[in-house]
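Remarks on the structure that follows.
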Amino acid sequence: MFSPGIEQLDEIIGKCEETLEILREHGMSPQMQKHIEREFSVAEAEAMVGRSRATLSRQEKDADRPVIPMKHPKSGRVRGYTLTQINELRDIFGTSPRRKNGQPCKVLSMQSFKGGVAKSVSTVYFAQYLAIRGYRVLVVDCDPQASATSSFGFIPDHAFTEEDTMIPYIDGKKDSIEYAIKNTYFPGIDLVPSCLPWYEVEFGLFNAVTHADTEEERLSYYQELRQAIRTVEVNYDIVLMDSPPALGMISINILSAADGVVVPTPPSMYDFASTTQYFKMVKRVVQSVAPEKRFDFIKVMPTKVERNKARQMDFLDIMRDRFGLSMLRSIFTSTSAIPNAASVYKTLYDLPKGERDNAIIDMLDEVFGEIEALIRKAWEDVA
Ligand SMILES: Nc1ncnc2c1ncn2[C@@H]1O[C@H](COP(=O)(O)OP(=O)(O)OP(=O)(O)O)[C@@H](O)[C@H]1O
Ligand SMILES: [Mg+2]
């Protein structure tokens, strides 16, 4: 009987690498598809900037800071504004939602131990939702699968090595994670990427904890990510960490770093059970590594909900009943539009107007608006 071994794995990896190379050579790599910046119509710009069409139009002729929208080359008619231009206008008119002096950068994670519950999709979409509203966002990819990194158009193990991840900081070779920050195609979103070697952080931190000489040193290994984020948070309003689907040192670090936690949970028995285990773990971890820790919020977010399936809707009722106020009111419904957009390296927020489904965008905006409000509430509590 044929039994595959290392040689066959080598052959498969070789074929995969070849395919990626061909995609890149033919300009089909995700990054190349990601350079077109979405434009916003004048009506959208009015709502986003909070100023009338007439005011925006006057700014075109402003001598100091003219903001000239994109126009049709022949007719000269206004086509729309880029997000960069809208942010410039928000700056000019003082309507940016960014945190004020004294309000701290907020660190969030969509976390759960269950695979495939939409942690990465929620992280990337929420980042885009926030950036469209004018926040400065940093996405920190903490998963060796690097889904978030890929969503921004990078082929992780081609674009990056461990030197581009937080590994040099964790190894003590760097004092800040500034070196690891990459701009993305999406204005307002920066990324600290991940790639396969990030796996080793899990073992490295575990090893460090088991060999720590003092309790203080041991506890410090659970705070590595929090410390890393502190070194750059001055430049951001919100930091989102994408979590791997497993309990381990990285997940505990994410929990220690988080001000707010959102637990994506599809309405099914298995996912509910997994979320229950997750909360038990959170309690145990917080008790043992950071008993004083306070979160701004911990919320269950129903994800991948199929509204036409009675059983799921019944289960949603059970979740609402059990979790009460610890659950978001909004529902992240299941839609094939999300994987479809991903297959052409896009998100629904990227799609041009004609291809965008407004009902789905409204659903997304409602879910993320509810989380945004929780963050804003935490800022108000500081003010
Ligand atoms: N609302 C949705 N409707 C339909 N498909 C979705 C939705 N949200 C996510 N998906 C799909 O579900 C799959 C898993 O999503 P995602 O990668 O975000 O999950 P994850 O929890 O991060 O997984 P992992 O545990 O592997 O990190 C992806 O194929 C994604 O396109
Ligand atoms: Mg993921």
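To be explicit about the labels: the chains of the structure tokens are called A, B, and onward in the order shown, and within each one the residues are counted from 1, while ligands get numbers from 1 in the order they are shown.
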
* Which residues form the shell of 9 Å around ligand 2 when you count only C-alpha atoms and all ligand atoms, given as a list in words? -> Gly115, Gly116, Val117, Ala118, Lys119, Ser120, Val121, Thr123, Asp143, Gln145, Ala146, Ser147, Ala148, Asp242, Ser243, Pro244 and Pro245 of chain A

Once you have the residues from the selection above, write them out as a short mmCIF file (atom, residue, chain, number, x, y, z; two decimals), in the first residue's frame, restricted to N, CA and C atoms.
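Listing of again-v2.cif after writing:
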```
data_model
loop_
_atom_site.label_atom_id
_atom_site.label_comp_id
_atom_site.auth_asym_id
_atom_site.auth_seq_id
_atom_site.Cartn_x
_atom_site.Cartn_y
_atom_site.Cartn_z
N GLY A 115 -13.41 26.93 15.84
CA GLY A 115 -12.97 27.33 14.51
C GLY A 115 -14.15 27.72 13.64
N GLY A 116 -13.91 28.62 12.70
CA GLY A 116 -14.90 28.90 11.66
C GLY A 116 -16.15 29.63 12.09
N VAL A 117 -16.11 30.32 13.23
CA VAL A 117 -17.32 31.01 13.71
C VAL A 117 -17.39 32.45 13.23
N ALA A 118 -16.44 32.86 12.39
CA ALA A 118 -16.38 34.21 11.80
C ALA A 118 -15.58 35.20 12.65
N LYS A 119 -14.58 34.70 13.38
CA LYS A 119 -13.70 35.60 14.13
C LYS A 119 -12.95 36.53 13.18
N SER A 120 -12.31 35.94 12.15
CA SER A 120 -11.47 36.77 11.26
C SER A 120 -12.32 37.67 10.38
N VAL A 121 -13.41 37.12 9.86
CA VAL A 121 -14.29 37.96 9.03
C VAL A 121 -14.79 39.14 9.86
N THR A 123 -13.43 40.51 12.46
CA THR A 123 -12.31 41.41 12.77
C THR A 123 -12.02 42.33 11.58
N ASP A 143 -2.87 35.03 14.68
CA ASP A 143 -3.18 33.66 14.30
C ASP A 143 -2.19 33.21 13.23
N GLN A 145 -2.50 31.02 11.14
CA GLN A 145 -3.22 30.80 9.87
C GLN A 145 -3.22 32.07 9.02
N ALA A 146 -3.06 33.22 9.67
CA ALA A 146 -2.91 34.51 9.00
C ALA A 146 -4.07 34.87 8.08
N SER A 147 -5.29 34.54 8.46
CA SER A 147 -6.45 34.88 7.61
C SER A 147 -6.61 36.39 7.49
N ALA A 148 -6.44 37.10 8.60
CA ALA A 148 -6.61 38.56 8.55
C ALA A 148 -5.55 39.16 7.63
N ASP A 242 -6.73 39.58 15.92
CA ASP A 242 -7.40 38.38 15.40
C ASP A 242 -6.84 37.16 16.12
N SER A 243 -7.74 36.37 16.67
CA SER A 243 -7.35 35.30 17.58
C SER A 243 -7.37 33.93 16.91
N PRO A 244 -6.42 33.05 17.29
CA PRO A 244 -6.49 31.68 16.76
C PRO A 244 -7.61 30.90 17.48
N PRO A 245 -8.10 29.81 16.85
CA PRO A 245 -9.22 29.08 17.48
C PRO A 245 -8.72 28.06 18.50
#
```

Among range 175-353 of chain A, which residues carry a DSSP assignment of strand (DSSP E), reported as a PDB file with C-alpha atoms, in the first residue's frame?
```
ATOM      1  CA  LYS A 182       2.384  47.636   7.461  1.00  0.00           C
ATOM      2  CA  ASN A 183       0.082  50.044   5.703  1.00  0.00           C
ATOM      3  CA  ILE A 189      -6.086  50.515   8.615  1.00  0.00           C
ATOM      4  CA  ASP A 190      -2.589  49.339   9.485  1.00  0.00           C
ATOM      5  CA  LEU A 191      -1.645  45.727   9.997  1.00  0.00           C
ATOM      6  CA  VAL A 192       0.825  43.793  12.102  1.00  0.00           C
ATOM      7  CA  ILE A 238      -8.810  51.095  18.132  1.00  0.00           C
ATOM      8  CA  VAL A 239      -6.650  47.972  17.965  1.00  0.00           C
ATOM      9  CA  LEU A 240      -8.261  44.714  16.851  1.00  0.00           C
ATOM     10  CA  MET A 241      -6.506  41.404  17.521  1.00  0.00           C
ATOM     11  CA  ASP A 242      -7.404  38.382  15.404  1.00  0.00           C
ATOM     12  CA  GLY A 260     -13.437  44.569  25.109  1.00  0.00           C
ATOM     13  CA  VAL A 261     -14.195  41.011  23.995  1.00  0.00           C
ATOM     14  CA  VAL A 262     -16.785  39.916  21.461  1.00  0.00           C
ATOM     15  CA  VAL A 263     -17.479  36.170  21.257  1.00  0.00           C
ATOM     16  CA  PRO A 264     -18.821  35.180  17.813  1.00  0.00           C
ATOM     17  CA  THR A 265     -21.319  32.360  18.322  1.00  0.00           C
ATOM     18  CA  PHE A 297     -17.483  44.856  27.849  1.00  0.00           C
ATOM     19  CA  ILE A 298     -17.775  41.147  27.055  1.00  0.00           C
ATOM     20  CA  LYS A 299     -20.516  40.357  24.538  1.00  0.00           C
ATOM     21  CA  VAL A 300     -21.737  37.305  22.670  1.00  0.00           C
ATOM     22  CA  MET A 301     -22.284  38.117  19.005  1.00  0.00           C
ATOM     23  CA  PRO A 302     -24.623  35.812  17.065  1.00  0.00           C
TER      24      PRO A 302
END
```

* Within 12 Å of range 63-73 of chain A, counting only C-alpha atoms, which residues qualify if same-chain residues fewer than 2 places away don't, as a PyMOL selection string? -> chain A and resi 37-42+45+53+55-61+75-93

Atoms to include: C-alpha atoms. Write the selected residues as an mmCIF file, in the first residue's frame.
```
data_model
loop_
_atom_site.group_PDB
_atom_site.id
_atom_site.type_symbol
_atom_site.label_atom_id
_atom_site.label_comp_id
_atom_site.auth_asym_id
_atom_site.auth_seq_id
_atom_site.Cartn_x
_atom_site.Cartn_y
_atom_site.Cartn_z
ATOM 1 C CA GLU A 37 -9.670 52.645 -3.717
ATOM 2 C CA ARG A 38 -13.420 52.703 -3.306
ATOM 3 C CA GLU A 39 -15.109 56.022 -3.960
ATOM 4 C CA PHE A 40 -18.015 57.464 -1.991
ATOM 5 C CA SER A 41 -20.807 59.387 -3.692
ATOM 6 C CA VAL A 42 -21.454 63.034 -2.796
ATOM 7 C CA ALA A 45 -19.760 62.075 1.656
ATOM 8 C CA ARG A 53 -23.050 69.256 -0.558
ATOM 9 C CA THR A 55 -20.071 73.178 1.857
ATOM 10 C CA LEU A 56 -18.122 70.270 0.373
ATOM 11 C CA SER A 57 -18.271 71.920 -3.023
ATOM 12 C CA ARG A 58 -16.900 75.197 -1.628
ATOM 13 C CA GLN A 59 -13.935 73.285 -0.194
ATOM 14 C CA GLU A 60 -12.878 72.459 -3.765
ATOM 15 C CA LYS A 61 -11.899 76.079 -4.231
ATOM 16 C CA SER A 75 -18.225 65.536 -18.485
ATOM 17 C CA GLY A 76 -16.380 66.946 -15.459
ATOM 18 C CA ARG A 77 -19.244 65.687 -13.322
ATOM 19 C CA VAL A 78 -18.310 64.749 -9.746
ATOM 20 C CA ARG A 79 -17.903 60.977 -9.414
ATOM 21 C CA GLY A 80 -17.157 60.810 -5.709
ATOM 22 C CA TYR A 81 -14.613 61.152 -2.933
ATOM 23 C CA THR A 82 -11.989 58.676 -1.774
ATOM 24 C CA LEU A 83 -11.890 57.754 1.897
ATOM 25 C CA THR A 84 -8.613 59.652 2.215
ATOM 26 C CA GLN A 85 -10.380 62.783 0.934
ATOM 27 C CA ILE A 86 -13.317 62.236 3.262
ATOM 28 C CA ASN A 87 -10.925 61.955 6.200
ATOM 29 C CA GLU A 88 -9.252 65.193 5.062
ATOM 30 C CA LEU A 89 -12.689 66.864 5.022
ATOM 31 C CA ARG A 90 -13.495 65.470 8.479
ATOM 32 C CA ASP A 91 -10.244 66.955 9.665
ATOM 33 C CA ILE A 92 -11.014 70.342 8.134
ATOM 34 C CA PHE A 93 -14.545 70.497 9.596
#
```

* Name the residues in contact with Arg98 in chain A at a cut-off of 8 Å, using only C-alpha atoms, excluding same-chain residues fewer than 5 positions from it; report them as a PyMOL selection string. => chain A and resi 134-136+237

* If you count only C-alpha atoms, which residues fall within 9 Å of Val234 in chain A, apart from same-chain ones fewer than 3 positions away, as a list in words? ->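 What passes the distance filter is Pro104, Cys105, Arg230, Thr231 and Asp237 of chain A.
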
* To do: Report the residues of range 243-313 of chain A whose backbone DSSP state falls under helix (DSSP H, G or I), written as a PyMOL selection string.
  => chain A and resi 249-257+269-289+310-313

* Calculate how many Å separate CA of Thr149 in chain A from CA of Glu202 in chain A, rounding to one decimal. =>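 Answer for the CA of Thr149 in chain A to CA of Glu202 in chain A separation: 18.5 Å.
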
* To do: Mind giving me the straight-line distance from CA of His158 in chain A to CA of Glu178 in chain A in Å, one decimal?
  =>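 Straight-line distance from CA of His158 in chain A to CA of Glu178 in chain A works out to 20.8 Å.
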
* What separation in Å, quoted to one decimal, exists between CA of Tyr129 in chain A and CA of Tyr349 in chain A? ->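 Going from CA of Tyr129 in chain A over to CA of Tyr349 in chain A, I get 7.7 Å.
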
* Excluding Phe295 in chain A and residues on its chain fewer than 6 positions from it, collect all residues at most 12 Å away from it, counting only C-alpha atoms, and give them as an MDAnalysis selection string. => chainID A and resid 106:109 255:262 282 286 374:375 378

Next, dump the selected residues to file, keeping only N, CA, C and O atoms, as a PDB file, in the first residue's frame.
```
ATOM      1  N   LYS A 106      -8.489  51.851  22.463  1.00  0.00           N
ATOM      2  CA  LYS A 106      -9.185  50.660  22.949  1.00  0.00           C
ATOM      3  C   LYS A 106      -8.755  49.416  22.170  1.00  0.00           C
ATOM      4  O   LYS A 106      -8.653  49.442  20.931  1.00  0.00           O
ATOM      5  N   VAL A 107      -8.537  48.347  22.917  1.00  0.00           N
ATOM      6  CA  VAL A 107      -8.041  47.099  22.331  1.00  0.00           C
ATOM      7  C   VAL A 107      -9.146  46.049  22.418  1.00  0.00           C
ATOM      8  O   VAL A 107      -9.720  45.846  23.486  1.00  0.00           O
ATOM      9  N   LEU A 108      -9.435  45.441  21.267  1.00  0.00           N
ATOM     10  CA  LEU A 108     -10.580  44.530  21.197  1.00  0.00           C
ATOM     11  C   LEU A 108     -10.219  43.201  20.554  1.00  0.00           C
ATOM     12  O   LEU A 108      -9.338  43.160  19.684  1.00  0.00           O
ATOM     13  N   SER A 109     -10.933  42.173  20.933  1.00  0.00           N
ATOM     14  CA  SER A 109     -10.760  40.916  20.206  1.00  0.00           C
ATOM     15  C   SER A 109     -12.089  40.223  20.006  1.00  0.00           C
ATOM     16  O   SER A 109     -12.959  40.249  20.872  1.00  0.00           O
ATOM     17  N   LEU A 255      -6.501  37.860  25.605  1.00  0.00           N
ATOM     18  CA  LEU A 255      -7.476  38.174  26.648  1.00  0.00           C
ATOM     19  C   LEU A 255      -6.918  39.214  27.629  1.00  0.00           C
ATOM     20  O   LEU A 255      -7.623  40.149  28.029  1.00  0.00           O
ATOM     21  N   SER A 256      -5.661  39.060  27.982  1.00  0.00           N
ATOM     22  CA  SER A 256      -5.048  40.020  28.908  1.00  0.00           C
ATOM     23  C   SER A 256      -4.947  41.400  28.287  1.00  0.00           C
ATOM     24  O   SER A 256      -5.013  42.408  28.975  1.00  0.00           O
ATOM     25  N   ALA A 257      -4.769  41.429  26.962  1.00  0.00           N
ATOM     26  CA  ALA A 257      -4.580  42.719  26.284  1.00  0.00           C
ATOM     27  C   ALA A 257      -5.910  43.423  26.020  1.00  0.00           C
ATOM     28  O   ALA A 257      -5.945  44.633  25.809  1.00  0.00           O
ATOM     29  N   ALA A 258      -7.022  42.651  26.041  1.00  0.00           N
ATOM     30  CA  ALA A 258      -8.288  43.204  25.548  1.00  0.00           C
ATOM     31  C   ALA A 258      -8.994  44.082  26.569  1.00  0.00           C
ATOM     32  O   ALA A 258      -9.062  43.756  27.751  1.00  0.00           O
ATOM     33  N   ASP A 259      -9.509  45.222  26.077  1.00  0.00           N
ATOM     34  CA  ASP A 259     -10.431  46.030  26.886  1.00  0.00           C
ATOM     35  C   ASP A 259     -11.855  45.530  26.653  1.00  0.00           C
ATOM     36  O   ASP A 259     -12.694  45.613  27.534  1.00  0.00           O
ATOM     37  N   GLY A 260     -12.105  45.064  25.448  1.00  0.00           N
ATOM     38  CA  GLY A 260     -13.437  44.569  25.109  1.00  0.00           C
ATOM     39  C   GLY A 260     -13.301  43.240  24.381  1.00  0.00           C
ATOM     40  O   GLY A 260     -12.363  43.044  23.596  1.00  0.00           O
ATOM     41  N   VAL A 261     -14.221  42.315  24.661  1.00  0.00           N
ATOM     42  CA  VAL A 261     -14.195  41.011  23.995  1.00  0.00           C
ATOM     43  C   VAL A 261     -15.563  40.738  23.383  1.00  0.00           C
ATOM     44  O   VAL A 261     -16.588  40.947  24.035  1.00  0.00           O
ATOM     45  N   VAL A 262     -15.550  40.308  22.132  1.00  0.00           N
ATOM     46  CA  VAL A 262     -16.785  39.916  21.461  1.00  0.00           C
ATOM     47  C   VAL A 262     -16.617  38.437  21.095  1.00  0.00           C
ATOM     48  O   VAL A 262     -15.601  38.052  20.519  1.00  0.00           O
ATOM     49  N   VAL A 282     -12.214  31.956  30.491  1.00  0.00           N
ATOM     50  CA  VAL A 282     -11.926  33.370  30.751  1.00  0.00           C
ATOM     51  C   VAL A 282     -11.882  33.599  32.259  1.00  0.00           C
ATOM     52  O   VAL A 282     -10.973  34.230  32.782  1.00  0.00           O
ATOM     53  N   VAL A 286      -8.508  34.812  34.089  1.00  0.00           N
ATOM     54  CA  VAL A 286      -8.475  36.124  34.739  1.00  0.00           C
ATOM     55  C   VAL A 286      -8.154  35.945  36.220  1.00  0.00           C
ATOM     56  O   VAL A 286      -7.328  36.673  36.778  1.00  0.00           O
ATOM     57  N   LEU A 374     -20.386  50.679  22.079  1.00  0.00           N
ATOM     58  CA  LEU A 374     -19.812  50.209  23.348  1.00  0.00           C
ATOM     59  C   LEU A 374     -18.446  50.854  23.587  1.00  0.00           C
ATOM     60  O   LEU A 374     -18.090  51.209  24.715  1.00  0.00           O
ATOM     61  N   ILE A 375     -17.699  51.009  22.497  1.00  0.00           N
ATOM     62  CA  ILE A 375     -16.377  51.643  22.617  1.00  0.00           C
ATOM     63  C   ILE A 375     -16.545  53.123  22.983  1.00  0.00           C
ATOM     64  O   ILE A 375     -15.870  53.646  23.864  1.00  0.00           O
ATOM     65  N   ALA A 378     -17.333  53.583  26.511  1.00  0.00           N
ATOM     66  CA  ALA A 378     -16.144  53.459  27.374  1.00  0.00           C
ATOM     67  C   ALA A 378     -15.330  54.753  27.351  1.00  0.00           C
ATOM     68  O   ALA A 378     -14.769  55.162  28.368  1.00  0.00           O
TER      69      ALA A 378
END
```

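Residues within 12 Å of Lys174 in chain A, counting only C-alpha atoms and excluding same-chain residues fewer than 6 positions away, are Glu163, Asp164, Thr165, Met166, Ile167, Pro168, Ala180, Ala228 and Thr231 of chain A.
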
Only N, CA and C atoms, please: the residues just picked out, written as a short mmCIF file (atom, residue, chain, number, x, y, z; two decimals), in the first residue's frame.
```
data_model
loop_
_atom_site.label_atom_id
_atom_site.label_comp_id
_atom_site.auth_asym_id
_atom_site.auth_seq_id
_atom_site.Cartn_x
_atom_site.Cartn_y
_atom_site.Cartn_z
N GLU A 163 10.56 38.00 10.84
CA GLU A 163 11.07 39.34 11.18
C GLU A 163 10.01 40.41 11.02
N ASP A 164 8.98 40.14 10.21
CA ASP A 164 7.90 41.12 10.00
C ASP A 164 6.79 40.99 11.04
N THR A 165 6.84 39.94 11.84
CA THR A 165 5.77 39.72 12.83
C THR A 165 6.23 40.31 14.17
N MET A 166 5.48 40.03 15.21
CA MET A 166 5.88 40.54 16.53
C MET A 166 6.98 39.70 17.17
N ILE A 167 7.44 38.65 16.48
CA ILE A 167 8.41 37.74 17.09
C ILE A 167 9.68 38.47 17.57
N PRO A 168 10.30 39.36 16.74
CA PRO A 168 11.50 40.04 17.24
C PRO A 168 11.24 40.83 18.53
N ALA A 180 7.01 46.44 12.71
CA ALA A 180 6.16 45.38 12.14
C ALA A 180 4.91 45.93 11.47
N ALA A 228 3.31 44.95 23.93
CA ALA A 228 3.64 45.21 22.51
C ALA A 228 2.72 46.30 21.96
N THR A 231 3.29 49.94 22.85
CA THR A 231 4.40 50.68 22.22
C THR A 231 3.95 51.47 20.99
#
```

* Asked: Of the residues A:Gln277, A:Asn235, A:Ser151, A:Ser326, which is the one nearest to ligand 1, using only C-alpha atoms and all ligand atoms?
  -> A:Ser151

* Asked: Taking only C-alpha atoms and all ligand atoms into account, which of A:Cys195, A:Ile12, A:Val285, A:Cys142 comes nearest ligand 1?
  -> A:Cys142
